[in-house]
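Worksheet for the structure shown next.
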Amino acid sequence: MTETWRSVSRLERADFYSDWLAASERNAAVVERSPIVARGRELTWIETPNEDRIAMLIGEQVGFPTNGTSLCRVIVPAGRHTGRHRHGEEAIHVLEGSGCVLVGGRRYDIRPGTTVHVPYFEDHQIWNLGEGDLSYVSAHTIDLDLFVRLGRLEQLEEKGANDAGAVRALPAEDGQFDTLGRRIALHLEDAPNEGERHRSSQADHERRRHGGGGGGGDGHRHGEGHGHGEGGGHGTDAAAAGAGASASAPIGAMPERMIKSTGGHRHGAIYNLMGGGESASEIRNGFTAVSVAMTQIFEEVAHTSSHCHSHTEAVLYVLEGVGFSEIDGEHYDWEAGDAVQIPPKMTRHEHFNPSDARTRTLRIEYGIRYFYEQLWPGYYKVEHRATAAALPVEG
């Protein structure tokens with residue numbers, strides 16, 4: 001052995017304890033200095049063995065303090081496919097283009113609006129089968145997985161051109177669930193809108209109260225606020241979701257979160273994707289995401305603000321429109337293609353749509369947040385206002 005060892009007296013503070021104290025002070029300071037907004041127009045693109053073009057939006061490597069989480073944007077050029085690799089859980093939302101993702105050797109077709117869950121350590125690869133670029137956002141916890149030394153990143157094949165023979169050899173799609181009954185893909189048109197669910201529940205209640213029947217829903221009338229998770233029980237995902245469920249039903253429902261929201265937030269519309277810990281309902285559409293989930297798409301109508309609350313880390317990716325957020329009293333503008341981070345501390349925030357058009361944002365949450373909520377009530381979400389508010393129209 002070449003190390004030099006020295007004894008530490010009972011009265012001397014050991015070096016590792018000093019390191020812990022210093023790290024605690026650094027962490028307390030760094031979470032106050034998050035850039036908050038990642039600008040989609042200012043991304044730094046790189047090439048890797050796995051991707052032709054990838055850029056990090058949110059992550060430690062680009063100056064955002066995180067819980068070991070990250071959000072990236074990826075472009076797969078026409079006629080190309082990514083490498084095949086495996087690592088911890090990943091959540092993907094397709095922005096443009098078409099093709100397929102292979103997860104564990106099974107094919108799932110993708111198009112704009114498709115959300116994909118890659119289960120832990122399943123090998124996966126994305127093929128662009130369209131005429132233009134295929135673009136998507138990807139969320140994962142690779143830094144956290146590697147930090148705890150349980151995670152691995154294994155490159156099985158490198159990216160490349162689509163060989164005609166290889167394309168012909170791709171398997172046919174066989175539903176949106178894998179052989180274990182876990183949902184892997186969900187198209188946006190199949191995602192249940194909690195607004196419709198809430199209005200249907202209200203209509204059923206009125207019919208029962210007046211002893212009447214009949215009357216159906218009124219279609220997708222975006223713009224009426226509704227409670228997130230109101231009127232819902234705790235059933236299985238596939239049964240609650242209804243539309244888009246495959247004949248291969250999930251083998252079981254995910255266990256309920258130990259810490260969940262009891263106050264619904266309100267938006268013009270909420271499209272449930274993977275579901276998440278802030279919902280009072282258990283609708284997950286058959287997804288089994290734990291460490292990272294693209295939970296919902298929030299739609300805000302013109303001249304409104306969302307709910308206002310405080311919690312630890314989460315991310316919004318702006319799919320459509322322009323607006324701004326107030327985060328711990330500071331104003332941050334954003335537009336489509338940007339990402340907004342709620343830093344990993346108790347952070348008060350509210351999102352605003354001051355424009356004449358709707359906005360849509362993709363909400364991303366990480367399971368590590370709920371691990372710490374179970375440890376200490378100081379990390380429980382605090383609702384300051386659970387209802388949307390109208391903004392005055394200028395002019």
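Quick note on naming: the chains in the structure tokens go A, B, ... in the order shown, residues restart at 1 in each chain, and ligands are numbered from 1 in order of appearance.
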Extract the full set of strand (DSSP E) residues from region 6-166 of chain A according to DSSP on the backbone, and format it as a ChimeraX atom specification. /A:37-38,53-58,70-76,80-81,84-86,90-96,99-103,106-110,115-118,124-128,134-140,154-157,160-161
Among A:Leu391, A:Leu21, A:Leu180, A:Val103, His351 (chain A) is approached most closely, using only C-alpha atoms, by A:Leu391
- Selected residue, from A:Arg149, A:His331, A:His303, A:His311, that lies nearest to Asp356 (chain A) when counting only C-alpha atoms: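 Using only C-alpha atoms, Asp356 (chain A) sits closest to A:His303.
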Just how far from CA of Pro65 (chain A) is CA of Thr312 (chain A), in Å to one decimal?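 Those two atoms sit 11.9 Å apart.
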Excluding same-chain residues fewer than 5 positions from Ser70 (chain A), what lies within 7 Å of it counting only C-alpha atoms, as number ranges by chain? A: 58-59, 139-141
Check your understanding: Do you know which residues are at most 9 Å from Met294 (chain A) counting only C-alpha atoms, after dropping those on the same chain fewer than 3 positions away, and could you put them as a list in words?
Key ->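 The neighbour list is Ala91, Ile92, His93, Thr115, Val116, His117, Ala139, Leu273, Met274, Gly275, Gly276, Ala289, Ile297, Leu362, Arg363, Ile364, Glu365 and Tyr366 of chain A.
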Exercise for review: Write out as a list in words which residues come within 7 Å of Trp334 (chain A) when counting only C-alpha atoms, dropping same-chain ones fewer than 3 positions away.
Suggested key: Val322, Gly323, Phe324 and Asp338 of chain A
Write to file, as an mmCIF file, in the first residue's frame, the residues of the selection just made, with C-alpha atoms.
data_model
loop_
_atom_site.group_PDB
_atom_site.id
_atom_site.type_symbol
_atom_site.label_atom_id
_atom_site.label_comp_id
_atom_site.auth_asym_id
_atom_site.auth_seq_id
_atom_site.Cartn_x
_atom_site.Cartn_y
_atom_site.Cartn_z
ATOM 1 C CA VAL A 322 -45.056 32.454 -25.665
ATOM 2 C CA GLY A 323 -45.370 33.446 -22.026
ATOM 3 C CA PHE A 324 -43.471 33.996 -18.839
ATOM 4 C CA ASP A 338 -37.382 26.748 -24.370
#
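What separates CA of Arg106 (chain A) from CA of Glu51 (chain A) is a distance of 20.4 Å.
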